[in-house]
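Remarks on the structure that follows.
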Amino acid sequence: MTTIHTPGGPHKHPDEEARYQEAEPGLIAETSEGAQEMGPRSSTKSDELTKEFGAALRLPEGIELDPGDINIETSEDQTMIINMGPQHPSTHGVLRIMMELEGETVLRTKPVIGYLHTGMEKTAEGLTYLQGPTNVTRMDYLSPLHNELVFSLATEALLGLEIPDRATWIRMLMVELNRMSSHLMWMATNGMDLGSTSMMIYGFREREMILSFFEKVTGLRMNHNYIRPGGVAADLPDGWEDDVLAIVENVPQRLKEYDQVLTGQPIFRARVDGVGIITQEQAIALSTTGPVLRSTGVPWDLRKDMPYLAYDQVDFDVVVGSVGDTFDRYAVRFNEILESNRIVAQIIDMMPKGDYKIASKKVTPPPRKRIDESMEALIHHFKIYTEGYKVPEGEVYISIESPRGELGCYMVSDGTARPYRMHIRGPSFVNLQSLPTMLHGGFIADAIAVISSVDPVMGEVDR
Amino acid sequence: MSDLDSTFVERENYFPTVAGLKEDGYNLLSDLCAVDYLDHIDRALPEGVARERFEVVVSLTSMSLKKKLRLRVLVPESDPEVESLFPLYPGVEAMEREAYDLLGIRFKGHPDPTRILLPQDWEGHPLRKDYSVGRIPVQFKEVKRTR
């Protein structure tokens with residue numbers, strides 16, 4: 001490899017140097033991730049093994065494993081490290097999981113990520129605030145509107161903008177529909193992972209209805225760039241109520257079918273009941289949010305607890321589970337589709353009239369027809385699209401409830417037209433850490449069901 | 001949602017402060033990230049806060065109070081190291097690894113101080129402001145042809 005001089009580095013951690021061993025030549029060595037991989041038992045300290053800490057399973061303080069569970073005497077020839085992914089169909093993208101097995105029992109697990117890393121936080125530093133949503137929308141590609149929303153809310157908080165009521169309600173309508181489509185997609189792939197091929201087809205069928213509506217409103221089925229700082233890109237098309245009503249009426253009926261296909265299905269239940277349990281204390285200590293946290297019985301939902309947009313004006317319930325197993329995570333998502341459906345039904349009646357974006361000339365380009373008749377409008381249009389608009393100095397952390405959990409955006413502005421630093425707290429990135437705890441002591445065959453139940457979207461994990 | 005209270009803490013007091021806040025009911029660590037203020041070393045800071053290049057930003061959530069709180073720690077360029085919050089919040093593990101990977105902040109006491117997003121042999125930390133974009137050839141391992 002050629003030597004590359006980087007002004008900022010190299011800054012290798014001493015521990016890392018020690019851990020990083022010179023690999024032997026060969027294909028395995030050339031594709032190795034070095035110290036990021038799970039180490040063999042012999043290179044793991046015994047006190048770490050006592051707690052089954054190792055490179056993988058880390059339990060929160062105060063939570064002890066059952067001492068009978070741990071056997072530091074287990075020698076290496078009794079266990080085996082196997083690798084799953086990054087090209088495994090049930091890892092929902094390029095997720096690599098290394099598991100240490102004793103027989104069929106999983107002892108340690110380590111997710112190895114980064115295969116989809118494209119440096120989106122660095123990219124964001126080069127884009128104006130107007131271009132920003134096109135970048136963030138590609139992170140969590142199953143709920144792109146949530147990403148756009150959190151970016152726009154952060155920019156608006158820095159600008160101190162109050163957006164029109166209609167824009168707020170349009171945003172709410174779109175993100176709730178997006179939550180439904182995201183959960184439907186999860187139901188589909190989860191069914192597929194567990195062998196229910198019909199569920200795969202059903203989930204995609206219902207999601208299609210929502211995506212068709214998105215296409216009608218935003219022009220695109222994914223990566224919409226619809227929610228922008230200052231409002232939304234376009235008003236809802238005429239007759240949108242009918243399309244949304246069709247979805248609202250259809251989805252609960254279809255969910256009844258899902259109930260028969262999955263909830264009441266003994267084979268499905270046998271694979272998910274009591275599998276991959278995580279307790280409340282563990283879930284909170286591991287910073288998990290969203291359905292993973294709620295499945296343990298913690299009613300924490302940012303829409304309810306720290307309301308944004310107009311969630312305090314609509315009526316909905318927070319769905320919680322009881323034991324935190326894979327079935328609970330399924331049930332939470334299943335019922336969240338119904339709750340989102342309830343919210344969407346209320347939004348149809350409550351949608352206010354008015355502007356869909358803020359009238360402020362600072363952030364809003366002039367309407368298309370004004371450009372034909374006014375020189376100033378043309379200049380304004382040109383300036384806003386080439387230079388962007390300046391955002392006052394400051395920093396802000398905004399968090400919203402995405403289908404996967406707390407989606408946060410920490411934005412630092414230095415008074416120019418581009419963010420000085422934009423950090424996205426991806427819920428699946430954090431939730432993925434709960435895998436070792438969930439998988440510990442379970443069977444390797446359950447791993448598929450558990451990984452699927454966390455609902456990781458690798459676009460957001462790696463960013 | 002809404003922006004949160006923002007407090008600066010000194011590096012020495014960072015871990016005890018967070019431990020105290022955990023006692024006070026801030027039971028969920030929402031986010032940890034770092035910022036490189038290389039271009040704005042002279043930014044406005046409250047009285048008595050030393051100007052340093054890096055900042056580690058921690059967002060804590062209290063589920064009982066329904067409040068969020070932000071802590072900012074200034075970290076010097078010469079010794080970019082703070083204590084790891086891992087003993088308090090095990091969920092910080094991936095976030096600290098990410099901050100190390102992308103900005104080169106080291107976390108003392110972290111159980112697995114390796115890169116997380118970039119390959120293990122990557123040179124430099126891309127989110128630092130002096131990491132030039134576009135001029136560095138993309139570093140990937142070459143897999144040799146075997147036939």
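Letters A, B, ... go to the chains of the structure tokens in the order shown; residues in each chain start at 1; ligands are counted from 1 in the same order.
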
Using only C-alpha atoms, find each residue in region 31-64 of chain B having at least one atom no more than 12 Å away from region 8-23 of chain B; report its shortest atom-to-atom pair and that distance in Å (one decimal), rows by chain then rising number, as CSV.
```
residue,atom,partner,partner_atom,distance
B:Leu45,CA,B:Phe8,CA,9.2
B:Pro46,CA,B:Phe8,CA,8.4
B:Glu47,CA,B:Phe8,CA,10.5
B:Gly48,CA,B:Glu10,CA,10.1
B:Val49,CA,B:Phe8,CA,7.7
B:Ala50,CA,B:Glu10,CA,8.9
B:Arg51,CA,B:Glu10,CA,11.4
B:Glu52,CA,B:Arg11,CA,11.2
B:Phe54,CA,B:Arg11,CA,11.6
B:Glu55,CA,B:Phe8,CA,9.8
B:Val56,CA,B:Arg11,CA,9.8
B:Val57,CA,B:Phe8,CA,9.3
B:Val58,CA,B:Val18,CA,9.3
B:Ser59,CA,B:Val18,CA,10.4
B:Leu60,CA,B:Leu21,CA,8.6
B:Thr61,CA,B:Lys22,CA,9.5
B:Ser62,CA,B:Lys22,CA,8.6
B:Met63,CA,B:Lys22,CA,11.2
B:Ser64,CA,B:Lys22,CA,11.9
```

Now that the selection is made, can you save its residues with C-alpha atoms as a CSV table (one decimal), in the first residue's frame?
```csv
chain,number,residue,atom,x,y,z
B,45,LEU,CA,-17.4,30.6,25.1
B,46,PRO,CA,-18.6,31.3,28.6
B,47,GLU,CA,-16.2,32.9,31.0
B,48,GLY,CA,-13.6,30.6,32.4
B,49,VAL,CA,-13.8,27.9,29.7
B,50,ALA,CA,-10.5,27.2,28.1
B,51,ARG,CA,-10.5,27.4,24.3
B,52,GLU,CA,-9.6,24.0,22.8
B,54,PHE,CA,-12.2,19.5,20.1
B,55,GLU,CA,-15.5,19.2,21.9
B,56,VAL,CA,-17.2,16.1,23.0
B,57,VAL,CA,-21.0,16.6,23.2
B,58,VAL,CA,-23.2,14.3,25.3
B,59,SER,CA,-27.0,14.4,25.3
B,60,LEU,CA,-28.6,12.8,28.3
B,61,THR,CA,-32.3,12.1,28.7
B,62,SER,CA,-34.3,11.8,31.9
B,63,MET,CA,-37.3,9.6,31.3
B,64,SER,CA,-38.9,10.6,34.6
```

Residues of chain B within 6 Å of chain A, counting only C-alpha atoms, what are they? List them as a list in words.
Met1, Asp3, Leu28, Leu29, Tyr89, Pro90, Gly91, Leu117, Gln120, Glu123, Gly124, Asp130 and Tyr131 of chain B

Check: In Å, with one decimal, what is the gap from CA of His381 (chain A) to CA of Phe214 (chain A)?
Finding: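 Result for CA of His381 (chain A) versus CA of Phe214 (chain A): 26.4 Å, one decimal.
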
- Message: DSSP on the backbone, strand (DSSP E or B) only: what residues of region 131-252 of chain A does that give? Format it as a PyMOL selection string.
- Response: chain A and resi 227-228+231-232

Using N, CA, C and O atoms, can you export the residues from the last selection as a compact mmCIF listing (two decimals), in the first residue's frame?
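As a result, selection.txt now contains:
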```txt
# COMPACT_ATOMS: atom_id res chain seq x y z
N ILE A 227 -39.61 17.20 2.62
CA ILE A 227 -39.63 18.09 3.79
C ILE A 227 -38.34 18.88 3.77
O ILE A 227 -37.25 18.32 3.79
N ARG A 228 -38.46 20.20 3.69
CA ARG A 228 -37.27 21.04 3.60
C ARG A 228 -37.35 22.11 4.68
O ARG A 228 -38.44 22.41 5.16
N GLY A 231 -40.67 24.37 5.48
CA GLY A 231 -41.97 23.80 5.14
C GLY A 231 -41.80 22.53 4.35
O GLY A 231 -40.94 21.71 4.64
N VAL A 232 -42.66 22.35 3.35
CA VAL A 232 -42.52 21.20 2.47
C VAL A 232 -42.38 21.69 1.04
O VAL A 232 -42.66 22.85 0.73
```

What's around Asp165 (chain A) at 12 Å? Count only C-alpha atoms, leave out sequence neighbours fewer than 2 positions away in its own chain, and write the answer as a ChimeraX atom specification.
/A:162-163,167-172,230-232,309-310,350-358

Fill in: Spatial neighbours of region 176-187 of chain A, 7 Å, only C-alpha atoms, chain gap at least 6 places, as a PyMOL selection string
chain A and resi 142-143+145+203-204+207+210+333+337+340+344+403+455

I'd like to know which of B:Arg97, B:His110, B:Lys67, B:Arg53 is closest to Pro80 (chain B), using only C-alpha atoms.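 With only C-alpha atoms as the atom set, the closest residue is B:Arg53.
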
Notebook entry, point to check: For Ala445 (chain A), which of A:Lys383, A:Lys362, A:Arg404, A:Arg271 is the closest residue, counting only C-alpha atoms?
Noted result: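 Looking at the shortest contact to Ala445 (chain A), the residue is A:Arg271.
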
task: Tell me, as a ChimeraX atom specification, which residues lie within 12 Å of Ile267 (chain A), counting only C-alpha atoms; anything in the same chain fewer than 4 positions away does not count.
output: /A:191,194-196,261-263,271-273

Worksheet item: Can you list every residue in region 44-268 of chain A that DSSP puts in helix (DSSP H, G or I), as a count of residues only?
Response: 118

Can you pull out every residue within 9 Å of Arg418 (chain A), counting only C-alpha atoms, but drop anything in the same chain fewer than 4 positions away, and send it as an MDAnalysis selection string? chainID A and resid 124:130 132 388:391 413:414

- Task: Write out as a PyMOL selection string each polymer residue whose atoms come within 7 Å of Arg106 (chain B), counting only C-alpha atoms; drop sequence neighbours fewer than 5 positions from it.
- Result: chain B and resi 80-82+100

Output all heavy atoms for every residue in the selection just made, as a PDB file, in the first residue's frame.
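Output saved as selection29.pdb:
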```pdb
ATOM      1  N   PRO B  80      -5.939  14.369  22.999  1.00  0.00           N
ATOM      2  CA  PRO B  80      -7.385  14.235  22.795  1.00  0.00           C
ATOM      3  C   PRO B  80      -7.938  13.004  23.500  1.00  0.00           C
ATOM      4  O   PRO B  80      -8.240  11.999  22.872  1.00  0.00           O
ATOM      5  CB  PRO B  80      -7.528  14.130  21.279  1.00  0.00           C
ATOM      6  CG  PRO B  80      -6.244  13.544  20.825  1.00  0.00           C
ATOM      7  CD  PRO B  80      -5.189  13.931  21.810  1.00  0.00           C
ATOM      8  N   GLU B  81      -8.050  13.075  24.810  1.00  0.00           N
ATOM      9  CA  GLU B  81      -8.538  11.915  25.542  1.00  0.00           C
ATOM     10  C   GLU B  81      -9.503  12.341  26.643  1.00  0.00           C
ATOM     11  O   GLU B  81      -9.246  13.299  27.363  1.00  0.00           O
ATOM     12  CB  GLU B  81      -7.359  11.150  26.163  1.00  0.00           C
ATOM     13  CG  GLU B  81      -7.789   9.874  26.846  1.00  0.00           C
ATOM     14  CD  GLU B  81      -6.624   8.977  27.211  1.00  0.00           C
ATOM     15  OE1 GLU B  81      -5.928   9.302  28.187  1.00  0.00           O
ATOM     16  OE2 GLU B  81      -6.395   7.988  26.511  1.00  0.00           O
ATOM     17  N   VAL B  82     -10.618  11.658  26.752  1.00  0.00           N
ATOM     18  CA  VAL B  82     -11.521  11.853  27.884  1.00  0.00           C
ATOM     19  C   VAL B  82     -11.843  10.478  28.452  1.00  0.00           C
ATOM     20  O   VAL B  82     -11.579   9.457  27.819  1.00  0.00           O
ATOM     21  CB  VAL B  82     -12.839  12.561  27.477  1.00  0.00           C
ATOM     22  CG1 VAL B  82     -12.605  13.995  27.098  1.00  0.00           C
ATOM     23  CG2 VAL B  82     -13.554  11.816  26.388  1.00  0.00           C
ATOM     24  N   TYR B 100     -14.095   8.083  18.088  1.00  0.00           N
ATOM     25  CA  TYR B 100     -12.667   7.794  17.921  1.00  0.00           C
ATOM     26  C   TYR B 100     -12.337   7.596  16.445  1.00  0.00           C
ATOM     27  O   TYR B 100     -11.365   8.138  15.927  1.00  0.00           O
ATOM     28  CB  TYR B 100     -12.281   6.541  18.717  1.00  0.00           C
ATOM     29  CG  TYR B 100     -10.955   5.966  18.276  1.00  0.00           C
ATOM     30  CD1 TYR B 100      -9.785   6.695  18.473  1.00  0.00           C
ATOM     31  CD2 TYR B 100     -10.875   4.747  17.616  1.00  0.00           C
ATOM     32  CE1 TYR B 100      -8.565   6.217  18.025  1.00  0.00           C
ATOM     33  CE2 TYR B 100      -9.665   4.263  17.167  1.00  0.00           C
ATOM     34  CZ  TYR B 100      -8.508   5.001  17.377  1.00  0.00           C
ATOM     35  OH  TYR B 100      -7.316   4.527  16.921  1.00  0.00           O
TER      36      TYR B 100
END
```
